[in-house]
file query.cif (mmCIF, C-alpha atoms)
data_coords
#
loop_
_atom_site.group_PDB
_atom_site.id
_atom_site.type_symbol
_atom_site.label_atom_id
_atom_site.label_comp_id
_atom_site.auth_asym_id
_atom_site.auth_seq_id
_atom_site.Cartn_x
_atom_site.Cartn_y
_atom_site.Cartn_z
ATOM 1 C CA MET A 1 14.681 -0.458 18.291
ATOM 2 C CA PHE A 2 11.762 -1.179 15.974
ATOM 3 C CA SER A 3 8.237 0.135 16.406
ATOM 4 C CA ILE A 4 5.814 -2.447 15.020
ATOM 5 C CA ILE A 5 2.516 -0.727 14.234
ATOM 6 C CA VAL A 6 -0.467 -3.100 14.143
ATOM 7 C CA PRO A 7 -3.882 -1.602 13.242
ATOM 8 C CA VAL A 8 -6.642 -3.903 14.493
ATOM 9 C CA TYR A 9 -10.234 -4.111 13.313
ATOM 10 C CA ASN A 10 -12.369 -7.251 13.749
ATOM 11 C CA VAL A 11 -9.601 -9.796 13.240
ATOM 12 C CA GLU A 12 -10.133 -12.087 16.231
ATOM 13 C CA LYS A 13 -9.533 -15.139 14.021
ATOM 14 C CA TYR A 14 -6.030 -14.017 12.987
ATOM 15 C CA LEU A 15 -4.774 -11.657 15.679
ATOM 16 C CA ARG A 16 -2.996 -14.177 17.893
ATOM 17 C CA GLN A 17 -0.943 -15.531 14.991
ATOM 18 C CA CYS A 18 0.037 -11.987 14.059
ATOM 19 C CA LEU A 19 1.098 -10.995 17.586
ATOM 20 C CA ASP A 20 2.845 -14.301 18.287
ATOM 21 C CA SER A 21 4.957 -13.829 15.160
ATOM 22 C CA VAL A 22 6.251 -10.588 16.688
ATOM 23 C CA ILE A 23 6.779 -11.456 20.344
ATOM 24 C CA GLN A 24 8.539 -14.699 19.377
ATOM 25 C CA GLN A 25 11.105 -12.892 17.215
ATOM 26 C CA SER A 26 14.740 -13.912 17.641
ATOM 27 C CA PHE A 27 15.617 -10.188 17.904
ATOM 28 C CA GLN A 28 13.914 -8.732 20.939
ATOM 29 C CA ASP A 29 14.498 -4.958 20.889
ATOM 30 C CA PHE A 30 11.120 -3.706 19.730
ATOM 31 C CA GLU A 31 7.800 -2.276 20.803
ATOM 32 C CA VAL A 32 4.425 -3.318 19.422
ATOM 33 C CA ILE A 33 1.878 -0.526 19.101
ATOM 34 C CA CYS A 34 -1.581 -2.047 18.609
ATOM 35 C CA ILE A 35 -4.352 0.330 17.607
ATOM 36 C CA ASN A 36 -7.801 -1.109 18.218
ATOM 37 C CA ASP A 37 -9.868 0.798 15.675
ATOM 38 C CA GLY A 38 -13.334 0.288 17.143
ATOM 39 C CA SER A 39 -13.468 -3.509 16.796
ATOM 40 C CA THR A 40 -16.861 -5.047 17.516
ATOM 41 C CA ASP A 41 -15.643 -8.649 17.847
ATOM 42 C CA ASN A 42 -13.268 -10.148 20.430
ATOM 43 C CA SER A 43 -10.170 -8.356 19.135
ATOM 44 C CA LEU A 44 -9.937 -5.901 22.043
ATOM 45 C CA SER A 45 -10.083 -8.709 24.607
ATOM 46 C CA ILE A 46 -7.260 -10.512 22.794
ATOM 47 C CA LEU A 47 -5.193 -7.319 22.785
ATOM 48 C CA GLN A 48 -5.761 -6.872 26.522
ATOM 49 C CA GLU A 49 -4.696 -10.481 27.059
ATOM 50 C CA TYR A 50 -1.413 -9.880 25.216
ATOM 51 C CA LEU A 51 -0.939 -6.584 27.029
ATOM 52 C CA GLN A 52 -0.645 -8.588 30.241
ATOM 53 C CA LYS A 53 1.744 -11.078 28.619
ATOM 54 C CA ASP A 54 4.386 -8.728 27.270
ATOM 55 C CA SER A 55 5.370 -5.258 28.482
ATOM 56 C CA ARG A 56 6.567 -4.300 24.988
ATOM 57 C CA ILE A 57 2.991 -4.306 23.731
ATOM 58 C CA LYS A 58 1.226 -0.933 23.856
ATOM 59 C CA LEU A 59 -2.489 -0.456 23.233
ATOM 60 C CA ILE A 60 -4.298 2.499 21.712
ATOM 61 C CA ASP A 61 -8.065 2.048 21.831
ATOM 62 C CA GLN A 62 -9.990 4.436 19.589
ATOM 63 C CA ALA A 63 -13.343 4.762 17.854
ATOM 64 C CA ASN A 64 -13.411 3.389 14.318
ATOM 65 C CA ARG A 65 -11.621 5.841 12.024
ATOM 66 C CA GLY A 66 -10.099 3.559 9.414
ATOM 67 C CA LEU A 67 -6.722 2.060 8.604
ATOM 68 C CA SER A 68 -4.953 5.335 7.838
ATOM 69 C CA ALA A 69 -5.974 6.949 11.128
ATOM 70 C CA ALA A 70 -4.855 3.841 13.019
ATOM 71 C CA ARG A 71 -1.464 3.863 11.318
ATOM 72 C CA ASN A 72 -1.069 7.584 11.974
ATOM 73 C CA ALA A 73 -1.811 7.069 15.663
ATOM 74 C CA GLY A 74 0.895 4.411 15.684
ATOM 75 C CA ILE A 75 3.423 6.714 13.990
ATOM 76 C CA ASP A 76 2.721 9.434 16.565
ATOM 77 C CA ALA A 77 3.268 7.008 19.435
ATOM 78 C CA ALA A 78 6.345 5.242 17.986
ATOM 79 C CA LYS A 79 9.629 5.497 19.907
ATOM 80 C CA GLY A 80 11.779 3.239 17.714
ATOM 81 C CA GLU A 81 14.376 4.185 15.115
ATOM 82 C CA TYR A 82 12.403 2.356 12.432
ATOM 83 C CA VAL A 83 8.658 1.977 11.914
ATOM 84 C CA PHE A 84 7.318 -1.362 10.647
ATOM 85 C CA PHE A 85 3.676 -1.569 9.495
ATOM 86 C CA LEU A 86 2.157 -5.010 10.116
ATOM 87 C CA ASP A 87 -1.456 -5.686 9.199
ATOM 88 C CA SER A 88 -3.242 -7.650 11.902
ATOM 89 C CA ASP A 89 -4.270 -10.560 9.664
ATOM 90 C CA ASP A 90 -0.694 -11.050 8.407
ATOM 91 C CA TRP A 91 2.472 -12.258 10.111
ATOM 92 C CA ILE A 92 6.267 -12.093 9.834
ATOM 93 C CA GLU A 93 9.004 -14.727 9.724
ATOM 94 C CA PRO A 94 10.841 -15.567 13.004
ATOM 95 C CA ASP A 95 14.134 -13.814 12.089
ATOM 96 C CA THR A 96 12.590 -10.769 10.408
ATOM 97 C CA LEU A 97 13.735 -8.173 12.939
ATOM 98 C CA LYS A 98 17.149 -9.800 13.354
ATOM 99 C CA ILE A 99 17.776 -9.647 9.606
ATOM 100 C CA LEU A 100 16.580 -6.053 9.389
ATOM 101 C CA SER A 101 18.677 -4.985 12.378
ATOM 102 C CA GLU A 102 21.794 -6.495 10.802
ATOM 103 C CA LYS A 103 21.234 -5.165 7.289
ATOM 104 C CA GLN A 104 20.013 -1.634 7.956
ATOM 105 C CA ASN A 105 22.629 1.086 8.064
ATOM 106 C CA GLY A 106 20.605 4.203 8.724
ATOM 107 C CA GLU A 107 18.803 4.277 5.349
ATOM 108 C CA ASP A 108 15.481 6.113 5.119
ATOM 109 C CA LEU A 109 13.871 2.932 3.748
ATOM 110 C CA VAL A 110 14.883 -0.708 3.949
ATOM 111 C CA CYS A 111 12.838 -2.779 1.503
ATOM 112 C CA PHE A 112 12.370 -6.541 1.603
ATOM 113 C CA ASN A 113 10.469 -9.371 -0.029
ATOM 114 C CA GLY A 114 7.210 -11.015 0.984
ATOM 115 C CA ARG A 115 4.837 -13.731 -0.099
ATOM 116 C CA ARG A 116 1.092 -14.098 -0.306
ATOM 117 C CA TYR A 117 -0.866 -16.707 1.636
ATOM 118 C CA PHE A 118 -4.265 -17.838 0.359
ATOM 119 C CA GLU A 119 -6.803 -19.162 2.845
ATOM 120 C CA ASP A 120 -8.051 -21.761 0.362
ATOM 121 C CA GLY A 121 -4.730 -23.566 0.771
ATOM 122 C CA THR A 122 -3.207 -22.359 -2.496
ATOM 123 C CA THR A 123 0.544 -22.055 -2.236
ATOM 124 C CA GLU A 124 2.445 -19.461 -4.170
ATOM 125 C CA LYS A 125 6.139 -19.147 -4.829
ATOM 126 C CA PRO A 126 7.249 -15.679 -3.742
ATOM 127 C CA ASP A 127 8.691 -13.123 -6.120
ATOM 128 C CA SER A 128 12.425 -13.459 -6.655
ATOM 129 C CA GLY A 129 14.474 -11.514 -4.145
ATOM 130 C CA ILE A 130 16.279 -8.307 -5.064
ATOM 131 C CA GLU A 131 19.379 -6.799 -3.480
ATOM 132 C CA GLU A 132 20.546 -3.252 -4.113
ATOM 133 C CA THR A 133 22.201 -0.507 -2.096
ATOM 134 C CA GLN A 134 22.902 3.185 -2.531
ATOM 135 C CA LEU A 135 19.676 3.942 -4.392
ATOM 136 C CA THR A 136 17.820 7.176 -3.919
ATOM 137 C CA GLY A 137 14.120 6.822 -3.225
ATOM 138 C CA TRP A 138 13.223 8.082 -6.684
ATOM 139 C CA GLU A 139 15.676 5.729 -8.383
ATOM 140 C CA TYR A 140 14.082 2.907 -6.398
ATOM 141 C CA TYR A 141 10.581 3.958 -7.495
ATOM 142 C CA ASN A 142 11.451 4.318 -11.177
ATOM 143 C CA LYS A 143 13.270 0.989 -11.267
ATOM 144 C CA TYR A 144 10.732 -1.175 -9.444
ATOM 145 C CA ALA A 145 7.305 0.488 -9.187
ATOM 146 C CA LEU A 146 6.081 -0.945 -12.501
ATOM 147 C CA ALA A 147 7.966 -4.235 -12.356
ATOM 148 C CA SER A 148 5.695 -7.269 -12.656
ATOM 149 C CA ARG A 149 5.404 -8.701 -9.135
ATOM 150 C CA LYS A 150 2.824 -10.829 -7.316
ATOM 151 C CA PHE A 151 3.202 -8.674 -4.197
ATOM 152 C CA HIS A 152 2.515 -5.146 -5.409
ATOM 153 C CA PHE A 153 5.266 -2.559 -5.010
ATOM 154 C CA VAL A 154 2.862 0.003 -3.617
ATOM 155 C CA CYS A 155 2.134 -2.030 -0.451
ATOM 156 C CA THR A 156 3.383 -0.128 2.579
ATOM 157 C CA VAL A 157 4.208 -3.313 4.485
ATOM 158 C CA LEU A 158 7.118 -4.216 2.169
ATOM 159 C CA ARG A 159 9.541 -1.794 3.778
ATOM 160 C CA ILE A 160 10.547 -0.228 7.085
ATOM 161 C CA TYR A 161 10.731 3.531 7.497
ATOM 162 C CA LYS A 162 13.132 5.590 9.563
ATOM 163 C CA LYS A 163 11.014 7.470 12.091
ATOM 164 C CA ASP A 164 13.063 10.674 11.772
ATOM 165 C CA PHE A 165 12.592 10.585 8.000
ATOM 166 C CA LEU A 166 8.796 10.337 8.319
ATOM 167 C CA GLU A 167 8.740 13.210 10.804
ATOM 168 C CA GLU A 168 11.100 15.435 8.800
ATOM 169 C CA HIS A 169 8.873 15.253 5.717
ATOM 170 C CA ASN A 170 5.550 15.061 7.602
ATOM 171 C CA LEU A 171 4.726 11.780 5.882
ATOM 172 C CA MET A 172 1.419 10.478 7.159
ATOM 173 C CA PHE A 173 -1.472 8.535 5.662
ATOM 174 C CA GLU A 174 -4.475 10.305 4.148
ATOM 175 C CA GLU A 175 -7.351 9.513 6.483
ATOM 176 C CA GLY A 176 -10.845 8.467 5.487
ATOM 177 C CA ILE A 177 -9.961 6.940 2.121
ATOM 178 C CA TYR A 178 -9.261 3.589 0.534
ATOM 179 C CA HIS A 179 -6.044 3.116 -1.502
ATOM 180 C CA GLU A 180 -4.001 4.967 1.105
ATOM 181 C CA ASP A 181 -0.865 3.029 0.084
ATOM 182 C CA ASN A 182 -1.226 4.223 -3.527
ATOM 183 C CA LEU A 183 -0.969 7.789 -2.266
ATOM 184 C CA PHE A 184 1.614 7.273 0.475
ATOM 185 C CA THR A 185 4.245 5.198 -1.321
ATOM 186 C CA PRO A 186 5.132 7.411 -4.339
ATOM 187 C CA ILE A 187 5.481 10.501 -2.136
ATOM 188 C CA VAL A 188 7.600 8.571 0.373
ATOM 189 C CA CYS A 189 9.845 7.370 -2.450
ATOM 190 C CA TYR A 190 10.184 10.898 -3.838
ATOM 191 C CA ASN A 191 11.362 12.175 -0.450
ATOM 192 C CA ALA A 192 13.633 9.263 0.506
ATOM 193 C CA GLY A 193 17.337 10.009 0.353
ATOM 194 C CA LEU A 194 18.901 6.573 0.675
ATOM 195 C CA VAL A 195 17.228 3.209 0.142
ATOM 196 C CA LYS A 196 18.452 -0.347 0.621
ATOM 197 C CA ILE A 197 16.740 -3.409 -0.878
ATOM 198 C CA ILE A 198 17.359 -6.825 0.638
ATOM 199 C CA PRO A 199 16.247 -10.122 -0.973
ATOM 200 C CA ASP A 200 14.938 -11.793 2.200
ATOM 201 C CA CYS A 201 11.298 -12.939 2.230
ATOM 202 C CA LEU A 202 10.138 -11.626 5.610
ATOM 203 C CA TYR A 203 6.429 -10.774 5.358
ATOM 204 C CA ILE A 204 3.433 -13.072 4.832
ATOM 205 C CA TYR A 205 0.388 -11.311 3.403
ATOM 206 C CA ARG A 206 -2.900 -13.114 3.948
ATOM 207 C CA ILE A 207 -5.422 -13.000 1.103
ATOM 208 C CA ARG A 208 -8.884 -13.496 2.598
ATOM 209 C CA GLU A 209 -12.446 -12.938 1.489
ATOM 210 C CA GLY A 210 -14.075 -9.906 3.047
ATOM 211 C CA SER A 211 -10.907 -7.890 3.571
ATOM 212 C CA ILE A 212 -10.992 -4.294 2.371
ATOM 213 C CA THR A 213 -8.290 -5.002 -0.216
ATOM 214 C CA GLN A 214 -10.487 -7.651 -1.857
ATOM 215 C CA SER A 215 -13.746 -5.694 -2.026
ATOM 216 C CA VAL A 216 -14.965 -3.368 -4.770
ATOM 217 C CA ASN A 217 -17.493 -0.590 -4.259
ATOM 218 C CA VAL A 218 -18.252 2.874 -5.553
ATOM 219 C CA GLN A 219 -16.419 4.609 -2.709
ATOM 220 C CA ARG A 220 -13.225 2.754 -3.597
ATOM 221 C CA ILE A 221 -13.472 4.162 -7.139
ATOM 222 C CA TYR A 222 -14.120 7.682 -5.862
ATOM 223 C CA ASP A 223 -11.058 7.366 -3.648
ATOM 224 C CA LEU A 224 -8.890 6.045 -6.466
ATOM 225 C CA ILE A 225 -9.742 9.180 -8.463
ATOM 226 C CA ARG A 226 -8.993 11.287 -5.383
ATOM 227 C CA VAL A 227 -5.578 9.629 -5.091
ATOM 228 C CA ALA A 228 -4.912 10.402 -8.764
ATOM 229 C CA ASN A 229 -5.923 14.039 -8.244
ATOM 230 C CA VAL A 230 -3.679 14.449 -5.188
ATOM 231 C CA LEU A 231 -0.682 12.684 -6.738
ATOM 232 C CA SER A 232 -0.936 14.607 -10.013
ATOM 233 C CA THR A 233 -1.214 17.909 -8.141
ATOM 234 C CA PHE A 234 1.887 16.949 -6.123
ATOM 235 C CA PHE A 235 4.064 15.742 -9.010
ATOM 236 C CA ILE A 236 3.134 18.001 -11.954
ATOM 237 C CA PRO A 237 4.918 21.123 -10.580
ATOM 238 C CA LEU A 238 8.104 19.212 -9.675
ATOM 239 C CA LYS A 239 11.118 19.813 -11.896
ATOM 240 C CA ASN A 240 14.306 17.868 -12.621
ATOM 241 C CA ILE A 241 12.944 14.378 -11.950
ATOM 242 C CA ASP A 242 11.804 11.662 -14.342
ATOM 243 C CA LYS A 243 8.018 11.500 -13.947
ATOM 244 C CA THR A 244 7.296 9.028 -16.766
ATOM 245 C CA PHE A 245 6.544 6.054 -14.539
ATOM 246 C CA VAL A 246 4.602 7.866 -11.845
ATOM 247 C CA TYR A 247 2.498 9.542 -14.542
ATOM 248 C CA ARG A 248 1.731 6.104 -15.955
ATOM 249 C CA GLU A 249 0.490 4.981 -12.551
ATOM 250 C CA ILE A 250 -1.594 8.113 -12.031
ATOM 251 C CA ALA A 251 -3.216 7.840 -15.472
ATOM 252 C CA GLY A 252 -4.173 4.257 -14.647
ATOM 253 C CA GLU A 253 -5.782 5.372 -11.398
ATOM 254 C CA TYR A 254 -7.870 7.896 -13.309
ATOM 255 C CA TYR A 255 -9.374 5.354 -15.718
ATOM 256 C CA LEU A 256 -9.384 2.136 -13.686
ATOM 257 C CA GLY A 257 -12.848 2.778 -12.262
ATOM 258 C CA PHE A 258 -14.408 2.829 -15.726
ATOM 259 C CA THR A 259 -13.160 -0.550 -16.968
ATOM 260 C CA LEU A 260 -15.518 -3.323 -18.067
ATOM 261 C CA ASP A 261 -15.392 -5.197 -14.751
ATOM 262 C CA LYS A 262 -16.345 -2.067 -12.752
ATOM 263 C CA LYS A 263 -19.476 -1.267 -14.794
ATOM 264 C CA ALA A 264 -21.723 -3.373 -12.536
ATOM 265 C CA PHE A 265 -20.632 -1.407 -9.471
ATOM 266 C CA CYS A 266 -20.401 2.083 -10.903
ATOM 267 C CA GLY A 267 -22.823 2.200 -13.825
ATOM 268 C CA ASN A 268 -25.351 4.420 -12.040
ATOM 269 C CA PHE A 269 -22.647 6.680 -10.627
ATOM 270 C CA GLU A 270 -20.531 7.341 -13.696
ATOM 271 C CA LYS A 271 -21.587 10.978 -14.040
ATOM 272 C CA GLN A 272 -20.571 11.620 -10.441
ATOM 273 C CA LEU A 273 -17.276 9.803 -10.942
ATOM 274 C CA ILE A 274 -16.559 11.810 -14.084
ATOM 275 C CA GLY A 275 -17.228 14.960 -12.095
ATOM 276 C CA HIS A 276 -14.493 14.082 -9.584
ATOM 277 C CA ILE A 277 -11.728 13.897 -12.196
ATOM 278 C CA ASN A 278 -9.299 16.799 -12.467
ATOM 279 C CA TRP A 279 -9.271 16.711 -16.266
ATOM 280 C CA LYS A 280 -6.455 19.237 -16.625
ATOM 281 C CA ASN A 281 -4.216 17.041 -14.503
ATOM 282 C CA PHE A 282 -5.376 13.852 -16.241
ATOM 283 C CA LYS A 283 -4.377 15.353 -19.585
ATOM 284 C CA GLN A 284 -0.937 16.371 -18.299
ATOM 285 C CA VAL A 285 -0.098 12.936 -16.872
ATOM 286 C CA SER A 286 -1.232 11.144 -20.047
ATOM 287 C CA VAL A 287 2.234 11.034 -21.566
ATOM 288 C CA TYR A 288 1.882 7.595 -23.148
ATOM 289 C CA LYS A 289 0.125 7.412 -26.534
ATOM 290 C CA ARG A 290 -2.390 4.865 -25.189
ATOM 291 C CA HIS A 291 -3.198 7.063 -22.210
ATOM 292 C CA ARG A 292 -3.732 10.104 -24.409
ATOM 293 C CA LEU A 293 -6.279 8.099 -26.396
ATOM 294 C CA ILE A 294 -7.971 6.853 -23.211
ATOM 295 C CA TYR A 295 -8.150 10.415 -21.910
ATOM 296 C CA ARG A 296 -9.932 11.562 -25.091
ATOM 297 C CA LEU A 297 -12.353 8.628 -25.099
ATOM 298 C CA LEU A 298 -13.310 9.086 -21.448
ATOM 299 C CA ARG A 299 -13.705 12.818 -22.016
ATOM 300 C CA VAL A 300 -16.459 11.996 -24.536
ATOM 301 C CA HIS A 301 -18.103 9.048 -22.735
ATOM 302 C CA PRO A 302 -16.981 6.027 -20.642
ATOM 303 C CA ALA A 303 -18.789 3.686 -23.074
ATOM 304 C CA LEU A 304 -16.296 4.626 -25.806
ATOM 305 C CA PHE A 305 -13.431 3.812 -23.460
ATOM 306 C CA ARG A 306 -14.942 0.432 -22.582
ATOM 307 C CA GLY A 307 -15.451 -0.322 -26.264
ATOM 308 C CA TYR A 308 -11.797 0.415 -26.898
ATOM 309 C CA ILE A 309 -10.731 -1.826 -23.986
ATOM 310 C CA PHE A 310 -12.972 -4.642 -25.276
ATOM 311 C CA ILE A 311 -11.462 -4.454 -28.770
ATOM 312 C CA GLU A 312 -7.976 -4.299 -27.275
ATOM 313 C CA GLN A 313 -8.640 -7.467 -25.264
ATOM 314 C CA GLN A 314 -10.037 -9.307 -28.293
ATOM 315 C CA LEU A 315 -6.992 -8.433 -30.373
ATOM 316 C CA LYS A 316 -4.682 -9.676 -27.605
ATOM 317 C CA GLN A 317 -6.550 -13.002 -27.512
ATOM 318 C CA ILE A 318 -6.233 -13.390 -31.267
ATOM 319 C CA THR A 319 -2.527 -12.500 -31.134
ATOM 320 C CA ASN A 320 -1.863 -14.997 -28.345
ATOM 321 C CA LYS A 321 -3.563 -17.916 -30.130
#
call {"tool": "encode", "arguments": {"input": "query.cif", "output": "structure tokens"}}
result
Amino acid sequence: MFSIIVPVYNVEKYLRQCLDSVIQQSFQDFEVICINDGSTDNSLSILQEYLQKDSRIKLIDQANRGLSAARNAGIDAAKGEYVFFLDSDDWIEPDTLKILSEKQNGEDLVCFNGRRYFEDGTTEKPDSGIEETQLTGWEYYNKYALASRKFHFVCTVLRIYKKDFLEEHNLMFEEGIYHEDNLFTPIVCYNAGLVKIIPDCLYIYRIREGSITQSVNVQRIYDLIRVANVLSTFFIPLKNIDKTFVYREIAGEYYLGFTLDKKAFCGNFEKQLIGHINWKNFKQVSVYKRHRLIYRLLRVHPALFRGYIFIEQQLKQITNK
């Protein structure tokens, strides 16, 4: 059985499509755990309507605590062998659970493909499908985490998770932060024993204005630095694994908030942002030559870093002409 975890917050416009895509699945052995996270629109009424329609739908109604807390409540309540995270403004293809039930063989993670849907009507060809078996979680991370994809590797919704595996390693989402997937996914991959990748495009990810993934604010930058601090503290002491790629990701999370496009949001808060960086960790994860330079420039002043990025961009434009 699958446990489909659906966090819900002010998505009355999209919620029915999301829930219909689950209850109309060709494979019917599942439960749907909907967590109403303090919605102020009509979302709760829609959930109560569906609760009467289908006995497999469960409802947790809680005060607003954020996406991570909603997902964690769903994990705690899940009874299925596998946990499937479905965002409430997205949907899944009709045979998604059937395909997953046939192709899983007890792996800790089963990973699949997805495509993005743009509300302005833009269509996008999905990433090419991948099929691999007998990978460890860390082999999977090192092979695919930095691969160029439209649908980012880090997104939690691109895989299902064995419930026993999550419980054994106490894998939950950090509550009260943005970028929770950036923190969750590398640690999950490190702990995963066996991973299967299937090529099927099963998940449709809606890109909409106003969603938390599309907004930029100072708190998001603070939280990105927090994620970098936590991940670096977790991975630096580990021995006997290749940390090159995860260090590259962590270094990027340290400096991303100081790029040219973030200056308008964070210009008045740069001293505070600088103060949140664990500089010892930042230095240790800067294993690439470029990252070592960025570390030194930021250590002096963010303006030097932005100047370097500007020159780098100009040289790329000249090279590409």
call {"tool": "closest_residue", "arguments": {"input": "query.cif", "among": "A:Tyr295, A:Glu132, A:Gln284, A:Gln25", "to": "Asp95 (chain A)", "atoms": "all atoms listed in the file"}}
result
A:Gln25
call {"tool": "resolve_selection", "arguments": {"input": "query.cif", "expression": "the PyMOL selection byres ((chain A and resi 67) around 8)", "output": "PyMOL selection string"}}
result
chain A and resi 7+37+65-66+68-71+175
call {"tool": "write_last_selection", "arguments": {"input": "query.cif", "atoms": "C-alpha atoms", "output": "PDB file, in the frame of the given file"}}
result
ATOM      1  CA  PRO A   7      -3.882  -1.602  13.242  1.00  0.00           C
ATOM      2  CA  ASP A  37      -9.868   0.798  15.675  1.00  0.00           C
ATOM      3  CA  ARG A  65     -11.621   5.841  12.024  1.00  0.00           C
ATOM      4  CA  GLY A  66     -10.099   3.559   9.414  1.00  0.00           C
ATOM      5  CA  SER A  68      -4.953   5.335   7.838  1.00  0.00           C
ATOM      6  CA  ALA A  69      -5.974   6.949  11.128  1.00  0.00           C
ATOM      7  CA  ALA A  70      -4.855   3.841  13.019  1.00  0.00           C
ATOM      8  CA  ARG A  71      -1.464   3.863  11.318  1.00  0.00           C
ATOM      9  CA  GLU A 175      -7.351   9.513   6.483  1.00  0.00           C
TER      10      GLU A 175
END
call {"tool": "closest_residue", "arguments": {"input": "query.cif", "among": "A:Leu256, A:Arg16, A:Leu315, A:Tyr161", "to": "Tyr50 (chain A)", "atoms": "only C-alpha atoms"}}
result
A:Arg16
call {"tool": "closest_atom_pairs", "arguments": {"input": "query.cif", "of": "region 110-205 of chain A", "to": "region 229-233 of chain A", "cutoff": "10 Å", "atoms": "only C-alpha atoms", "output": "JSON lines"}}
result
{"residue": "A:Asn182", "atom": "CA", "partner": "A:Leu231", "partner_atom": "CA", "distance": 9.1}
{"residue": "A:Leu183", "atom": "CA", "partner": "A:Leu231", "partner_atom": "CA", "distance": 6.6}
{"residue": "A:Phe184", "atom": "CA", "partner": "A:Leu231", "partner_atom": "CA", "distance": 9.3}
{"residue": "A:Pro186", "atom": "CA", "partner": "A:Leu231", "partner_atom": "CA", "distance": 8.2}
{"residue": "A:Ile187", "atom": "CA", "partner": "A:Leu231", "partner_atom": "CA", "distance": 8.0}
call {"tool": "atom_distance", "arguments": {"input": "query.cif", "atom1": "CA of Gly114 (chain A)", "atom2": "CA of Cys201 (chain A)"}}
result
4.7 Å
call {"tool": "build_atoms", "arguments": {"input": "query.cif", "residues": "region 236-253 of chain A", "atoms": "N, CA and C atoms", "output": "PDB file, in the frame of the given file"}}
result
ATOM      1  N   ILE A 236       3.065  17.176 -10.740  1.00  0.00           N
ATOM      2  CA  ILE A 236       3.134  18.001 -11.954  1.00  0.00           C
ATOM      3  C   ILE A 236       4.066  19.210 -11.794  1.00  0.00           C
ATOM      4  N   PRO A 237       4.035  19.947 -10.685  1.00  0.00           N
ATOM      5  CA  PRO A 237       4.918  21.123 -10.580  1.00  0.00           C
ATOM      6  C   PRO A 237       6.395  20.794 -10.368  1.00  0.00           C
ATOM      7  N   LEU A 238       6.724  19.553 -10.008  1.00  0.00           N
ATOM      8  CA  LEU A 238       8.104  19.212  -9.675  1.00  0.00           C
ATOM      9  C   LEU A 238       8.976  19.217 -10.927  1.00  0.00           C
ATOM     10  N   LYS A 239      10.177  19.731 -10.780  1.00  0.00           N
ATOM     11  CA  LYS A 239      11.118  19.813 -11.896  1.00  0.00           C
ATOM     12  C   LYS A 239      12.306  18.889 -11.628  1.00  0.00           C
ATOM     13  N   ASN A 240      13.029  18.571 -12.701  1.00  0.00           N
ATOM     14  CA  ASN A 240      14.306  17.868 -12.621  1.00  0.00           C
ATOM     15  C   ASN A 240      14.207  16.445 -12.075  1.00  0.00           C
ATOM     16  N   ILE A 241      13.057  15.806 -12.248  1.00  0.00           N
ATOM     17  CA  ILE A 241      12.944  14.378 -11.950  1.00  0.00           C
ATOM     18  C   ILE A 241      12.228  13.715 -13.124  1.00  0.00           C
ATOM     19  N   ASP A 242      12.488  12.434 -13.311  1.00  0.00           N
ATOM     20  CA  ASP A 242      11.804  11.662 -14.342  1.00  0.00           C
ATOM     21  C   ASP A 242      10.438  11.255 -13.805  1.00  0.00           C
ATOM     22  N   LYS A 243       9.380  11.762 -14.427  1.00  0.00           N
ATOM     23  CA  LYS A 243       8.018  11.500 -13.947  1.00  0.00           C
ATOM     24  C   LYS A 243       7.259  10.526 -14.855  1.00  0.00           C
ATOM     25  N   THR A 244       7.959   9.898 -15.795  1.00  0.00           N
ATOM     26  CA  THR A 244       7.296   9.028 -16.766  1.00  0.00           C
ATOM     27  C   THR A 244       6.515   7.913 -16.091  1.00  0.00           C
ATOM     28  N   PHE A 245       7.168   7.233 -15.139  1.00  0.00           N
ATOM     29  CA  PHE A 245       6.544   6.054 -14.539  1.00  0.00           C
ATOM     30  C   PHE A 245       5.439   6.426 -13.556  1.00  0.00           C
ATOM     31  N   VAL A 246       5.652   7.477 -12.786  1.00  0.00           N
ATOM     32  CA  VAL A 246       4.602   7.866 -11.845  1.00  0.00           C
ATOM     33  C   VAL A 246       3.391   8.408 -12.604  1.00  0.00           C
ATOM     34  N   TYR A 247       3.617   9.083 -13.720  1.00  0.00           N
ATOM     35  CA  TYR A 247       2.498   9.542 -14.542  1.00  0.00           C
ATOM     36  C   TYR A 247       1.719   8.353 -15.098  1.00  0.00           C
ATOM     37  N   ARG A 248       2.415   7.299 -15.460  1.00  0.00           N
ATOM     38  CA  ARG A 248       1.731   6.104 -15.955  1.00  0.00           C
ATOM     39  C   ARG A 248       0.814   5.527 -14.872  1.00  0.00           C
ATOM     40  N   GLU A 249       1.306   5.481 -13.653  1.00  0.00           N
ATOM     41  CA  GLU A 249       0.490   4.981 -12.551  1.00  0.00           C
ATOM     42  C   GLU A 249      -0.716   5.877 -12.295  1.00  0.00           C
ATOM     43  N   ILE A 250      -0.502   7.173 -12.304  1.00  0.00           N
ATOM     44  CA  ILE A 250      -1.594   8.113 -12.031  1.00  0.00           C
ATOM     45  C   ILE A 250      -2.662   8.023 -13.120  1.00  0.00           C
ATOM     46  N   ALA A 251      -2.248   7.967 -14.373  1.00  0.00           N
ATOM     47  CA  ALA A 251      -3.216   7.840 -15.472  1.00  0.00           C
ATOM     48  C   ALA A 251      -4.066   6.590 -15.292  1.00  0.00           C
ATOM     49  N   GLY A 252      -3.432   5.490 -14.892  1.00  0.00           N
ATOM     50  CA  GLY A 252      -4.173   4.257 -14.647  1.00  0.00           C
ATOM     51  C   GLY A 252      -5.192   4.410 -13.535  1.00  0.00           C
ATOM     52  N   GLU A 253      -4.844   5.152 -12.501  1.00  0.00           N
ATOM     53  CA  GLU A 253      -5.782   5.372 -11.398  1.00  0.00           C
ATOM     54  C   GLU A 253      -6.975   6.212 -11.849  1.00  0.00           C
TER      55      GLU A 253
END
